[in-house]
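Data block for entry_10.pdb (PDB, C-alpha atoms, pLDDT in the B column):
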```pdb
MODEL        1
ATOM      1  CA  MET R   1      56.791 126.227 145.522  1.00 81.00           C
ATOM      2  CA  GLN R   2      53.004 126.250 145.128  1.00 84.00           C
ATOM      3  CA  ILE R   3      51.167 125.384 141.898  1.00 83.00           C
ATOM      4  CA  LEU R   4      47.679 126.957 141.488  1.00 77.00           C
ATOM      5  CA  ASP R   5      45.999 129.566 143.663  1.00 77.00           C
ATOM      6  CA  PRO R   6      47.051 128.960 147.309  1.00 81.00           C
ATOM      7  CA  ARG R   7      44.011 130.955 148.501  1.00 81.00           C
ATOM      8  CA  ILE R   8      46.217 132.631 151.102  1.00 83.00           C
ATOM      9  CA  ASP R   9      48.998 135.212 150.831  1.00 84.00           C
ATOM     10  CA  PRO R  10      51.448 133.948 148.154  1.00 84.00           C
ATOM     11  CA  ALA R  11      54.281 135.471 150.195  1.00 81.00           C
ATOM     12  CA  HIS R  12      54.278 132.244 152.241  1.00 82.00           C
ATOM     13  CA  TRP R  13      56.069 130.555 149.302  1.00 85.00           C
ATOM     14  CA  ASP R  14      59.258 131.307 147.419  1.00 80.00           C
ATOM     15  CA  THR R  15      57.345 130.888 144.139  1.00 85.00           C
ATOM     16  CA  VAL R  16      53.689 130.484 143.246  1.00 84.00           C
ATOM     17  CA  ILE R  17      52.607 129.324 139.788  1.00 85.00           C
ATOM     18  CA  ALA R  18      49.010 130.336 139.180  1.00 80.00           C
ATOM     19  CA  PRO R  19      47.315 130.838 135.799  1.00 84.00           C
ATOM     20  CA  GLN R  20      46.361 134.361 134.827  1.00 87.00           C
ATOM     21  CA  HIS R  21      42.638 133.773 135.284  1.00 89.00           C
ATOM     22  CA  ASP R  22      43.191 132.991 138.990  1.00 81.00           C
ATOM     23  CA  GLN R  23      44.203 136.665 139.441  1.00 87.00           C
ATOM     24  CA  VAL R  24      46.898 135.944 142.006  1.00 83.00           C
ATOM     25  CA  ASP R  25      49.385 138.809 142.299  1.00 88.00           C
ATOM     26  CA  GLY R  26      52.803 139.113 143.885  1.00 86.00           C
ATOM     27  CA  ALA R  27      56.463 139.573 143.021  1.00 86.00           C
ATOM     28  CA  ASN R  28      57.011 135.815 143.427  1.00 87.00           C
ATOM     29  CA  VAL R  29      53.999 134.767 141.296  1.00 88.00           C
ATOM     30  CA  LEU R  30      54.476 133.274 137.825  1.00 86.00           C
ATOM     31  CA  LYS R  31      51.320 133.568 135.742  1.00 89.00           C
ATOM     32  CA  PRO R  32      51.086 131.281 132.699  1.00 88.00           C
ATOM     33  CA  LEU R  33      48.092 131.659 130.411  1.00 93.00           C
ATOM     34  CA  GLY R  34      47.021 128.023 130.730  1.00 92.00           C
ATOM     35  CA  SER R  35      47.755 124.973 132.840  1.00 93.00           C
ATOM     36  CA  LEU R  36      51.149 123.302 132.692  1.00 93.00           C
ATOM     37  CA  ASN R  37      51.333 120.068 130.691  1.00 95.00           C
ATOM     38  CA  SER R  38      53.727 117.794 128.809  1.00 95.00           C
ATOM     39  CA  VAL R  39      52.396 118.313 125.270  1.00 97.00           C
ATOM     40  CA  ASP R  40      55.232 119.111 122.851  1.00 96.00           C
ATOM     41  CA  ASP R  41      56.473 117.818 119.501  1.00 97.00           C
ATOM     42  CA  THR R  42      58.017 114.692 121.045  1.00 97.00           C
ATOM     43  CA  TRP R  43      54.862 113.907 123.023  1.00 98.00           C
ATOM     44  CA  LEU R  44      52.713 114.305 119.897  1.00 98.00           C
ATOM     45  CA  ALA R  45      55.044 112.119 117.823  1.00 98.00           C
ATOM     46  CA  ASP R  46      54.810 109.419 120.489  1.00 98.00           C
ATOM     47  CA  GLY R  47      51.032 109.768 120.365  1.00 98.00           C
ATOM     48  CA  ARG R  48      50.959 109.228 116.604  1.00 98.00           C
ATOM     49  CA  GLU R  49      53.244 106.227 116.960  1.00 98.00           C
ATOM     50  CA  SER R  50      50.955 104.712 119.611  1.00 97.00           C
ATOM     51  CA  CYS R  51      47.914 104.894 117.279  1.00 97.00           C
ATOM     52  CA  PRO R  52      49.241 104.323 113.732  1.00 98.00           C
ATOM     53  CA  ASN R  53      45.825 103.174 112.502  1.00 97.00           C
ATOM     54  CA  PHE R  54      44.521 106.745 112.827  1.00 98.00           C
ATOM     55  CA  ALA R  55      46.561 107.591 109.735  1.00 97.00           C
ATOM     56  CA  ASP R  56      44.002 105.641 107.687  1.00 97.00           C
ATOM     57  CA  LEU R  57      41.037 107.703 108.915  1.00 98.00           C
ATOM     58  CA  PRO R  58      39.632 110.238 106.439  1.00 98.00           C
ATOM     59  CA  GLN R  59      40.701 113.835 106.905  1.00 97.00           C
ATOM     60  CA  PRO R  60      40.049 116.191 108.452  1.00 96.00           C
ATOM     61  CA  ARG R  61      40.421 114.194 111.646  1.00 98.00           C
ATOM     62  CA  VAL R  62      38.477 116.120 114.278  1.00 98.00           C
ATOM     63  CA  GLY R  63      39.282 115.300 117.891  1.00 98.00           C
ATOM     64  CA  VAL R  64      36.431 116.020 120.310  1.00 98.00           C
ATOM     65  CA  LEU R  65      37.289 116.254 124.021  1.00 98.00           C
ATOM     66  CA  LEU R  66      34.322 115.959 126.369  1.00 98.00           C
ATOM     67  CA  GLY R  67      34.496 117.185 129.930  1.00 97.00           C
ATOM     68  CA  GLY R  68      31.648 117.252 132.383  1.00 94.00           C
ATOM     69  CA  PRO R  69      29.384 119.504 134.434  1.00 92.00           C
ATOM     70  CA  ARG R  70      30.897 121.820 137.011  1.00 91.00           C
ATOM     71  CA  LYS R  71      29.566 124.705 139.058  1.00 91.00           C
ATOM     72  CA  GLY R  72      28.042 127.176 136.625  1.00 92.00           C
ATOM     73  CA  ILE R  73      28.393 124.916 133.561  1.00 95.00           C
ATOM     74  CA  ALA R  74      25.664 122.370 132.865  1.00 90.00           C
ATOM     75  CA  LEU R  75      26.992 119.888 130.326  1.00 94.00           C
ATOM     76  CA  ASN R  76      23.833 117.817 130.018  1.00 94.00           C
ATOM     77  CA  ALA R  77      22.168 115.724 127.322  1.00 94.00           C
ATOM     78  CA  ASP R  78      20.700 118.830 125.693  1.00 95.00           C
ATOM     79  CA  TYR R  79      24.161 120.379 125.395  1.00 96.00           C
ATOM     80  CA  ALA R  80      25.508 117.099 123.985  1.00 96.00           C
ATOM     81  CA  GLY R  81      22.750 117.003 121.388  1.00 97.00           C
ATOM     82  CA  GLN R  82      23.501 120.547 120.227  1.00 97.00           C
ATOM     83  CA  LEU R  83      27.231 119.858 120.039  1.00 98.00           C
ATOM     84  CA  ALA R  84      26.759 116.565 118.204  1.00 97.00           C
ATOM     85  CA  ALA R  85      24.439 118.209 115.676  1.00 97.00           C
ATOM     86  CA  ARG R  86      27.043 120.858 114.851  1.00 97.00           C
ATOM     87  CA  LEU R  87      29.802 118.288 114.526  1.00 97.00           C
ATOM     88  CA  LEU R  88      27.731 116.056 112.264  1.00 97.00           C
ATOM     89  CA  GLN R  89      26.572 118.940 110.094  1.00 96.00           C
ATOM     90  CA  ARG R  90      30.148 119.930 109.409  1.00 95.00           C
ATOM     91  CA  GLN R  91      31.269 116.326 108.912  1.00 96.00           C
ATOM     92  CA  ARG R  92      28.565 115.813 106.299  1.00 95.00           C
ATOM     93  CA  HIS R  93      29.737 118.970 104.523  1.00 94.00           C
ATOM     94  CA  GLU R  94      33.504 118.428 104.552  1.00 94.00           C
ATOM     95  CA  GLY R  95      33.856 114.688 105.196  1.00 96.00           C
ATOM     96  CA  GLY R  96      36.534 113.468 107.534  1.00 97.00           C
ATOM     97  CA  SER R  97      36.260 111.595 110.826  1.00 98.00           C
ATOM     98  CA  LEU R  98      35.275 112.303 114.420  1.00 98.00           C
ATOM     99  CA  LEU R  99      37.383 110.992 117.302  1.00 98.00           C
ATOM    100  CA  VAL R 100      35.398 111.608 120.477  1.00 98.00           C
ATOM    101  CA  LEU R 101      36.948 111.113 123.905  1.00 98.00           C
ATOM    102  CA  ALA R 102      35.083 111.236 127.198  1.00 97.00           C
ATOM    103  CA  SER R 103      36.773 112.087 130.489  1.00 96.00           C
ATOM    104  CA  ARG R 104      36.183 110.822 133.996  1.00 93.00           C
ATOM    105  CA  ARG R 105      33.720 113.691 134.527  1.00 94.00           C
ATOM    106  CA  THR R 106      31.655 112.994 131.414  1.00 96.00           C
ATOM    107  CA  SER R 107      28.184 111.810 132.363  1.00 95.00           C
ATOM    108  CA  PRO R 108      26.643 108.631 130.928  1.00 95.00           C
ATOM    109  CA  ALA R 109      23.902 110.819 129.407  1.00 93.00           C
ATOM    110  CA  LEU R 110      26.441 112.713 127.269  1.00 94.00           C
ATOM    111  CA  ILE R 111      28.152 109.509 126.218  1.00 96.00           C
ATOM    112  CA  GLU R 112      24.890 107.899 125.100  1.00 96.00           C
ATOM    113  CA  VAL R 113      23.973 110.936 123.014  1.00 96.00           C
ATOM    114  CA  PHE R 114      27.250 110.644 121.157  1.00 97.00           C
ATOM    115  CA  ARG R 115      27.060 106.860 120.806  1.00 95.00           C
ATOM    116  CA  ASP R 116      23.724 107.254 119.050  1.00 96.00           C
ATOM    117  CA  ALA R 117      24.793 110.244 116.956  1.00 95.00           C
ATOM    118  CA  LEU R 118      28.056 108.753 115.705  1.00 94.00           C
ATOM    119  CA  ARG R 119      26.707 105.474 114.370  1.00 93.00           C
ATOM    120  CA  GLY R 120      28.112 105.033 110.878  1.00 93.00           C
ATOM    121  CA  VAL R 121      30.473 108.028 111.138  1.00 97.00           C
ATOM    122  CA  PRO R 122      34.194 107.292 110.595  1.00 98.00           C
ATOM    123  CA  GLY R 123      36.234 107.623 113.762  1.00 97.00           C
ATOM    124  CA  LEU R 124      35.714 106.416 117.306  1.00 96.00           C
ATOM    125  CA  LEU R 125      34.099 107.045 120.666  1.00 97.00           C
ATOM    126  CA  TRP R 126      36.186 106.235 123.723  1.00 98.00           C
ATOM    127  CA  ALA R 127      34.429 106.437 127.079  1.00 96.00           C
ATOM    128  CA  GLY R 128      36.472 104.158 129.331  1.00 94.00           C
ATOM    129  CA  ARG R 129      38.241 100.852 129.686  1.00 91.00           C
ATOM    130  CA  ASP R 130      35.436  98.951 128.002  1.00 92.00           C
ATOM    131  CA  ASP R 131      36.415 100.764 124.790  1.00 94.00           C
ATOM    132  CA  GLY R 132      40.058  99.651 125.026  1.00 94.00           C
ATOM    133  CA  ARG R 133      43.231 101.600 125.718  1.00 94.00           C
ATOM    134  CA  ASN R 134      42.857 105.366 126.101  1.00 96.00           C
ATOM    135  CA  PRO R 135      43.830 106.859 122.716  1.00 98.00           C
ATOM    136  CA  TYR R 136      44.107 110.444 123.988  1.00 98.00           C
ATOM    137  CA  PRO R 137      47.744 111.008 122.938  1.00 98.00           C
ATOM    138  CA  GLY R 138      47.000 109.532 119.523  1.00 98.00           C
ATOM    139  CA  VAL R 139      43.956 111.723 119.002  1.00 98.00           C
ATOM    140  CA  LEU R 140      45.925 114.876 119.833  1.00 98.00           C
ATOM    141  CA  GLY R 141      48.823 113.688 117.717  1.00 98.00           C
ATOM    142  CA  TRP R 142      46.722 113.028 114.611  1.00 98.00           C
ATOM    143  CA  ALA R 143      44.096 115.776 114.962  1.00 97.00           C
ATOM    144  CA  ASP R 144      43.639 118.308 112.177  1.00 96.00           C
ATOM    145  CA  ARG R 145      41.243 120.201 114.427  1.00 96.00           C
ATOM    146  CA  LEU R 146      40.202 119.896 118.065  1.00 97.00           C
ATOM    147  CA  VAL R 147      36.823 120.698 119.603  1.00 98.00           C
ATOM    148  CA  VAL R 148      36.824 120.963 123.401  1.00 98.00           C
ATOM    149  CA  THR R 149      33.935 121.495 125.788  1.00 98.00           C
ATOM    150  CA  PRO R 150      34.316 124.806 127.664  1.00 98.00           C
ATOM    151  CA  ASP R 151      34.567 123.477 131.206  1.00 97.00           C
ATOM    152  CA  SER R 152      38.135 122.178 131.459  1.00 95.00           C
ATOM    153  CA  VAL R 153      41.165 124.459 131.726  1.00 96.00           C
ATOM    154  CA  ASN R 154      43.463 121.444 131.465  1.00 96.00           C
ATOM    155  CA  MET R 155      41.883 120.018 128.305  1.00 98.00           C
ATOM    156  CA  LEU R 156      41.774 123.401 126.612  1.00 98.00           C
ATOM    157  CA  SER R 157      45.401 124.096 127.558  1.00 97.00           C
ATOM    158  CA  GLU R 158      46.565 120.735 126.202  1.00 98.00           C
ATOM    159  CA  ALA R 159      44.541 121.195 123.007  1.00 98.00           C
ATOM    160  CA  CYS R 160      46.050 124.654 122.472  1.00 97.00           C
ATOM    161  CA  ALA R 161      49.518 123.134 122.865  1.00 97.00           C
ATOM    162  CA  VAL R 162      49.018 120.908 119.801  1.00 97.00           C
ATOM    163  CA  GLY R 163      49.265 123.562 117.111  1.00 95.00           C
ATOM    164  CA  CYS R 164      46.064 122.789 115.194  1.00 95.00           C
ATOM    165  CA  PRO R 165      42.880 124.921 115.289  1.00 95.00           C
ATOM    166  CA  VAL R 166      41.011 124.622 118.603  1.00 97.00           C
ATOM    167  CA  GLN R 167      37.306 125.339 118.902  1.00 97.00           C
ATOM    168  CA  THR R 168      34.680 125.223 121.624  1.00 97.00           C
ATOM    169  CA  PHE R 169      30.910 125.326 121.895  1.00 98.00           C
ATOM    170  CA  VAL R 170      29.443 127.645 124.527  1.00 97.00           C
ATOM    171  CA  ASN R 171      25.657 127.820 124.778  1.00 95.00           C
ATOM    172  CA  ALA R 172      25.303 129.679 128.101  1.00 94.00           C
ATOM    173  CA  PRO R 173      27.241 132.286 130.104  1.00 95.00           C
ATOM    174  CA  LEU R 174      30.386 130.888 131.710  1.00 97.00           C
ATOM    175  CA  PRO R 175      31.510 131.400 135.324  1.00 96.00           C
ATOM    176  CA  ALA R 176      33.727 134.473 135.656  1.00 95.00           C
ATOM    177  CA  LYS R 177      37.019 132.621 136.118  1.00 93.00           C
ATOM    178  CA  ILE R 178      36.441 130.315 133.124  1.00 96.00           C
ATOM    179  CA  GLU R 179      35.241 133.261 131.049  1.00 97.00           C
ATOM    180  CA  ARG R 180      38.505 135.098 131.786  1.00 96.00           C
ATOM    181  CA  PHE R 181      40.450 132.061 130.607  1.00 97.00           C
ATOM    182  CA  HIS R 182      38.420 131.754 127.399  1.00 97.00           C
ATOM    183  CA  HIS R 183      38.833 135.465 126.727  1.00 97.00           C
ATOM    184  CA  ALA R 184      42.609 135.211 127.145  1.00 96.00           C
ATOM    185  CA  LEU R 185      42.795 132.249 124.746  1.00 97.00           C
ATOM    186  CA  ARG R 186      40.668 134.040 122.155  1.00 96.00           C
ATOM    187  CA  SER R 187      42.682 137.236 122.480  1.00 95.00           C
ATOM    188  CA  ALA R 188      45.865 135.219 121.876  1.00 94.00           C
ATOM    189  CA  GLY R 189      44.376 133.686 118.728  1.00 94.00           C
ATOM    190  CA  LEU R 190      44.274 130.212 120.269  1.00 96.00           C
ATOM    191  CA  LEU R 191      40.535 129.518 120.533  1.00 96.00           C
ATOM    192  CA  GLN R 192      37.546 129.922 118.234  1.00 96.00           C
ATOM    193  CA  ASP R 193      33.828 129.187 118.274  1.00 96.00           C
ATOM    194  CA  ILE R 194      32.769 125.883 116.759  1.00 95.00           C
ATOM    195  CA  ASP R 195      30.869 127.655 113.975  1.00 89.00           C
ATOM    196  CA  ASP R 196      33.888 129.735 112.916  1.00 86.00           C
ATOM    197  CA  VAL R 197      35.989 128.790 109.913  1.00 78.00           C
ATOM    198  CA  ALA R 198      38.915 126.969 111.494  1.00 69.00           C
ATOM    199  CA  THR R 199      42.274 128.617 110.918  1.00 68.00           C
ATOM    200  CA  VAL R 200      45.758 127.562 111.951  1.00 62.00           C
ATOM    201  CA  GLY R 201      48.900 129.592 112.423  1.00 56.00           C
ATOM    202  CA  ARG R 202      47.213 132.540 114.132  1.00 63.00           C
ATOM    203  CA  ALA R 203      49.451 132.009 117.161  1.00 74.00           C
ATOM    204  CA  PRO R 204      52.219 129.626 118.231  1.00 90.00           C
ATOM    205  CA  PRO R 205      51.128 126.567 120.233  1.00 95.00           C
ATOM    206  CA  LEU R 206      50.570 127.280 123.929  1.00 96.00           C
ATOM    207  CA  ARG R 207      53.600 125.548 125.455  1.00 95.00           C
ATOM    208  CA  GLU R 208      54.528 127.264 128.703  1.00 92.00           C
ATOM    209  CA  THR R 209      55.945 124.395 130.786  1.00 90.00           C
ATOM    210  CA  GLY R 210      59.485 124.770 129.433  1.00 88.00           C
ATOM    211  CA  MET R 211      59.450 128.506 130.004  1.00 87.00           C
ATOM    212  CA  ILE R 212      58.241 128.129 133.591  1.00 88.00           C
ATOM    213  CA  ALA R 213      60.832 125.409 134.245  1.00 87.00           C
ATOM    214  CA  SER R 214      63.587 127.682 132.920  1.00 85.00           C
ATOM    215  CA  VAL R 215      62.531 130.541 135.192  1.00 81.00           C
ATOM    216  CA  LEU R 216      62.398 128.207 138.217  1.00 83.00           C
ATOM    217  CA  ARG R 217      65.835 126.797 137.392  1.00 84.00           C
ATOM    218  CA  ASP R 218      67.300 130.299 137.248  1.00 79.00           C
ATOM    219  CA  ARG R 219      65.676 131.217 140.562  1.00 78.00           C
ATOM    220  CA  ILE R 220      66.947 128.065 142.256  1.00 79.00           C
ATOM    221  CA  CYS R 221      70.465 128.637 140.913  1.00 78.00           C
ATOM    222  CA  SER R 222      70.399 132.243 142.109  1.00 75.00           C
ATOM    223  CA  HIS R 223      69.239 131.126 145.563  1.00 70.00           C
ATOM    224  CA  VAL R 224      71.960 128.458 145.836  1.00 69.00           C
ATOM    225  CA  GLU R 225      74.696 130.796 144.628  1.00 64.00           C
ATOM    226  CA  GLY R 226      73.473 133.522 146.941  1.00 57.00           C
TER     227      GLY R 226
ENDMDL
END
```

I need this file expressed as structure tokens, please.
Amino acid sequence: MQILDPRIDPAHWDTVIAPQHDQVDGANVLKPLGSLNSVDDTWLADGRESCPNFADLPQPRVGVLLGGPRKGIALNADYAGQLAARLLQRQRHEGGSLLVLASRRTSPALIEVFRDALRGVPGLLWAGRDDGRNPYPGVLGWADRLVVTPDSVNMLSEACAVGCPVQTFVNAPLPAKIERFHHALRSAGLLQDIDDVATVGRAPPLRETGMIASVLRDRICSHVEG
């Protein structure tokens, strides 16, 4: 079994699991919309239990997931400033808290922009071990809304598995593969622009891991019995 685009003929494997935006075709190819992950109701409940203090934060609790630059996507200080301004404008209007999480790819320049912008705003900024234990599961578990930078298929997939509104901020054309992924999420009612009115319930959470596992189990059983 191969997970993600093998970049050679998928017929070399019994099964290939490659997301739709990779455009890998074949009778043995399973094509989920997003990346596979472990986010489900149990995982989210564990996340809330791991960060019980988040219950005391004012609502709406807005989780903000920061990725980093990649080919064709320049997440620089200017981008961070524009994103922070939109988040703060909305927070001033509706109240609530901002829980901002950096990733390993987030540049120090982005982190500093947010450290300056979030002074005095309820919530947190986590950028690494110096900020304590990674509260990622707790942020997803408690989030009323999630805002995700456009660069990461994994972060967007995990956010869309939560079941709350998911938004992104795009200020420049995206690379073709990422654009296909964004388009698929939007078409499924799973992703909105940051300036849209956030809505929930437009589509079920994106939880494809169990479905893929079930298909693989059936294929393995058929192979063994055959």

Who sits within 7 Å of R:Ser50, only C-alpha atoms, same chain under 3 positions skipped, as number ranges by chain: R: 46-47, 138

Once the PyMOL selection byres ((chain R and resi 201-215) around 6) has been evaluated on this model, what residues remain selected, and can you format them as a PyMOL selection string? chain R and resi 36+160-161+163+189+200+216-218

Preceding selection exported with C-alpha atoms as an mmCIF file, keeping the file's coordinate frame:
```cif
data_model
loop_
_atom_site.group_PDB
_atom_site.id
_atom_site.type_symbol
_atom_site.label_atom_id
_atom_site.label_comp_id
_atom_site.auth_asym_id
_atom_site.auth_seq_id
_atom_site.Cartn_x
_atom_site.Cartn_y
_atom_site.Cartn_z
ATOM 1 C CA LEU R 36 51.149 123.302 132.692
ATOM 2 C CA CYS R 160 46.050 124.654 122.472
ATOM 3 C CA ALA R 161 49.518 123.134 122.865
ATOM 4 C CA GLY R 163 49.265 123.562 117.111
ATOM 5 C CA GLY R 189 44.376 133.686 118.728
ATOM 6 C CA VAL R 200 45.758 127.562 111.951
ATOM 7 C CA LEU R 216 62.398 128.207 138.217
ATOM 8 C CA ARG R 217 65.835 126.797 137.392
ATOM 9 C CA ASP R 218 67.300 130.299 137.248
#
```

Taking the file as shown, what set of residues would the PyMOL selection byres ((chain R and resi 139) around 9) give back, as a PDB file with C-alpha atoms, in the frame of the given file?
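Contents of selection.pdb, as written:
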```
ATOM      1  CA  GLY R  47      51.032 109.768 120.365  1.00 98.00           C
ATOM      2  CA  ARG R  48      50.959 109.228 116.604  1.00 98.00           C
ATOM      3  CA  CYS R  51      47.914 104.894 117.279  1.00 97.00           C
ATOM      4  CA  PHE R  54      44.521 106.745 112.827  1.00 98.00           C
ATOM      5  CA  ARG R  61      40.421 114.194 111.646  1.00 98.00           C
ATOM      6  CA  VAL R  62      38.477 116.120 114.278  1.00 98.00           C
ATOM      7  CA  GLY R  63      39.282 115.300 117.891  1.00 98.00           C
ATOM      8  CA  VAL R  64      36.431 116.020 120.310  1.00 98.00           C
ATOM      9  CA  LEU R  99      37.383 110.992 117.302  1.00 98.00           C
ATOM     10  CA  VAL R 100      35.398 111.608 120.477  1.00 98.00           C
ATOM     11  CA  LEU R 101      36.948 111.113 123.905  1.00 98.00           C
ATOM     12  CA  PRO R 135      43.830 106.859 122.716  1.00 98.00           C
ATOM     13  CA  TYR R 136      44.107 110.444 123.988  1.00 98.00           C
ATOM     14  CA  PRO R 137      47.744 111.008 122.938  1.00 98.00           C
ATOM     15  CA  GLY R 138      47.000 109.532 119.523  1.00 98.00           C
ATOM     16  CA  LEU R 140      45.925 114.876 119.833  1.00 98.00           C
ATOM     17  CA  GLY R 141      48.823 113.688 117.717  1.00 98.00           C
ATOM     18  CA  TRP R 142      46.722 113.028 114.611  1.00 98.00           C
ATOM     19  CA  ALA R 143      44.096 115.776 114.962  1.00 97.00           C
TER      20      ALA R 143
END
```

Residues matched by the PyMOL selection byres ((chain R and resi 98) around 12) as a ChimeraX atom specification: /R:54,57-65,84,86-92,94-97,99-101,114-115,117-126,139,142-147

Skip stretch 4-8 of chain R itself and residues of its chain fewer than 4 positions away, then list as a ChimeraX atom specification all residues within 10 Å of it, counting only C-alpha atoms. /R:12-13,16-19,21-25,29-31,35

Atom CA of R:Cys221 sits from atom CA of R:Asp14 at a separation of 13.2 Å

Rounded to one decimal, what separation in Å do you get between atom CA of R:Cys164 and atom CA of R:Leu190? 9.2 Å

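Remark: for R:Arg180, the closest of the candidate residues R:Pro150, R:Glu158, R:Asp41, R:Arg104 is R:Pro150 (distances computed over all atoms listed in the file).
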
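Between atom CA of R:Gly67 and atom CA of R:Ser107 the interatomic distance comes to 8.6 Å.
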
Given all atoms listed in the file as the counted atoms, nearest of R:Arg219, R:Gly132, R:Val162, R:Thr42 to R:Asn28: R:Arg219

Could you pull out every residue with an atom within 8 Å of (36.1, 122.4, 134.8), file coordinates, counting only C-alpha atoms, and send them as a count of residues only? 8

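Considering only C-alpha atoms, the residue among R:Ile178, R:Leu156, R:Ala102, R:Val148 positioned nearest to R:Asn134 is R:Ala102.
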
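Distances here use only C-alpha atoms; by that measure, the residue among R:Leu66, R:Leu75, R:Val39, R:Ala109 closest to R:Ala159 is R:Val39.
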
Spatial neighbours of R:Gln167, max dist 6 Å, only C-alpha atoms, sep filter under 5 positions, as number ranges by chain: R: 147, 191-194

Would you mind completing stretch 23-39 of chain R to N, CA and C atoms and writing the output as a PDB file, keeping the file's coordinate frame?
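Output below, filename rebuild26.pdb:
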```pdb
ATOM      1  N   GLN R  23      43.999 135.295 138.947  1.00 87.00           N
ATOM      2  CA  GLN R  23      44.203 136.665 139.441  1.00 87.00           C
ATOM      3  C   GLN R  23      44.937 136.696 140.780  1.00 87.00           C
ATOM      4  N   VAL R  24      46.015 135.925 140.838  1.00 83.00           N
ATOM      5  CA  VAL R  24      46.898 135.944 142.006  1.00 83.00           C
ATOM      6  C   VAL R  24      48.070 136.870 141.691  1.00 83.00           C
ATOM      7  N   ASP R  25      48.333 137.830 142.546  1.00 88.00           N
ATOM      8  CA  ASP R  25      49.385 138.809 142.299  1.00 88.00           C
ATOM      9  C   ASP R  25      50.464 138.737 143.364  1.00 88.00           C
ATOM     10  N   GLY R  26      51.676 139.077 142.964  1.00 86.00           N
ATOM     11  CA  GLY R  26      52.803 139.113 143.885  1.00 86.00           C
ATOM     12  C   GLY R  26      54.102 139.038 143.108  1.00 86.00           C
ATOM     13  N   ALA R  27      55.170 139.567 143.699  1.00 86.00           N
ATOM     14  CA  ALA R  27      56.463 139.573 143.021  1.00 86.00           C
ATOM     15  C   ALA R  27      56.985 138.165 142.775  1.00 86.00           C
ATOM     16  N   ASN R  28      56.541 137.201 143.560  1.00 87.00           N
ATOM     17  CA  ASN R  28      57.011 135.815 143.427  1.00 87.00           C
ATOM     18  C   ASN R  28      56.022 134.934 142.661  1.00 87.00           C
ATOM     19  N   VAL R  29      55.038 135.530 141.986  1.00 88.00           N
ATOM     20  CA  VAL R  29      53.999 134.767 141.296  1.00 88.00           C
ATOM     21  C   VAL R  29      54.301 134.709 139.800  1.00 88.00           C
ATOM     22  N   LEU R  30      54.361 133.491 139.263  1.00 86.00           N
ATOM     23  CA  LEU R  30      54.476 133.274 137.825  1.00 86.00           C
ATOM     24  C   LEU R  30      53.085 132.966 137.294  1.00 86.00           C
ATOM     25  N   LYS R  31      52.707 133.644 136.193  1.00 89.00           N
ATOM     26  CA  LYS R  31      51.320 133.568 135.742  1.00 89.00           C
ATOM     27  C   LYS R  31      51.228 133.092 134.288  1.00 89.00           C
ATOM     28  N   PRO R  32      51.284 131.782 134.060  1.00 88.00           N
ATOM     29  CA  PRO R  32      51.086 131.281 132.699  1.00 88.00           C
ATOM     30  C   PRO R  32      49.650 131.517 132.249  1.00 88.00           C
ATOM     31  N   LEU R  33      49.442 131.484 130.949  1.00 93.00           N
ATOM     32  CA  LEU R  33      48.092 131.659 130.411  1.00 93.00           C
ATOM     33  C   LEU R  33      47.223 130.449 130.708  1.00 93.00           C
ATOM     34  N   GLY R  34      47.780 129.258 130.517  1.00 92.00           N
ATOM     35  CA  GLY R  34      47.021 128.023 130.730  1.00 92.00           C
ATOM     36  C   GLY R  34      47.652 127.158 131.799  1.00 92.00           C
ATOM     37  N   SER R  35      47.189 125.913 131.873  1.00 93.00           N
ATOM     38  CA  SER R  35      47.755 124.973 132.840  1.00 93.00           C
ATOM     39  C   SER R  35      49.005 124.321 132.258  1.00 93.00           C
ATOM     40  N   LEU R  36      49.911 123.933 133.130  1.00 93.00           N
ATOM     41  CA  LEU R  36      51.149 123.302 132.692  1.00 93.00           C
ATOM     42  C   LEU R  36      50.869 121.868 132.258  1.00 93.00           C
ATOM     43  N   ASN R  37      51.546 121.430 131.195  1.00 95.00           N
ATOM     44  CA  ASN R  37      51.333 120.068 130.691  1.00 95.00           C
ATOM     45  C   ASN R  37      52.565 119.627 129.921  1.00 95.00           C
ATOM     46  N   SER R  38      52.555 118.385 129.465  1.00 95.00           N
ATOM     47  CA  SER R  38      53.727 117.794 128.809  1.00 95.00           C
ATOM     48  C   SER R  38      53.604 117.750 127.295  1.00 95.00           C
ATOM     49  N   VAL R  39      52.606 118.389 126.716  1.00 97.00           N
ATOM     50  CA  VAL R  39      52.396 118.313 125.270  1.00 97.00           C
ATOM     51  C   VAL R  39      53.456 119.141 124.539  1.00 97.00           C
TER      52      VAL R  39
END
```
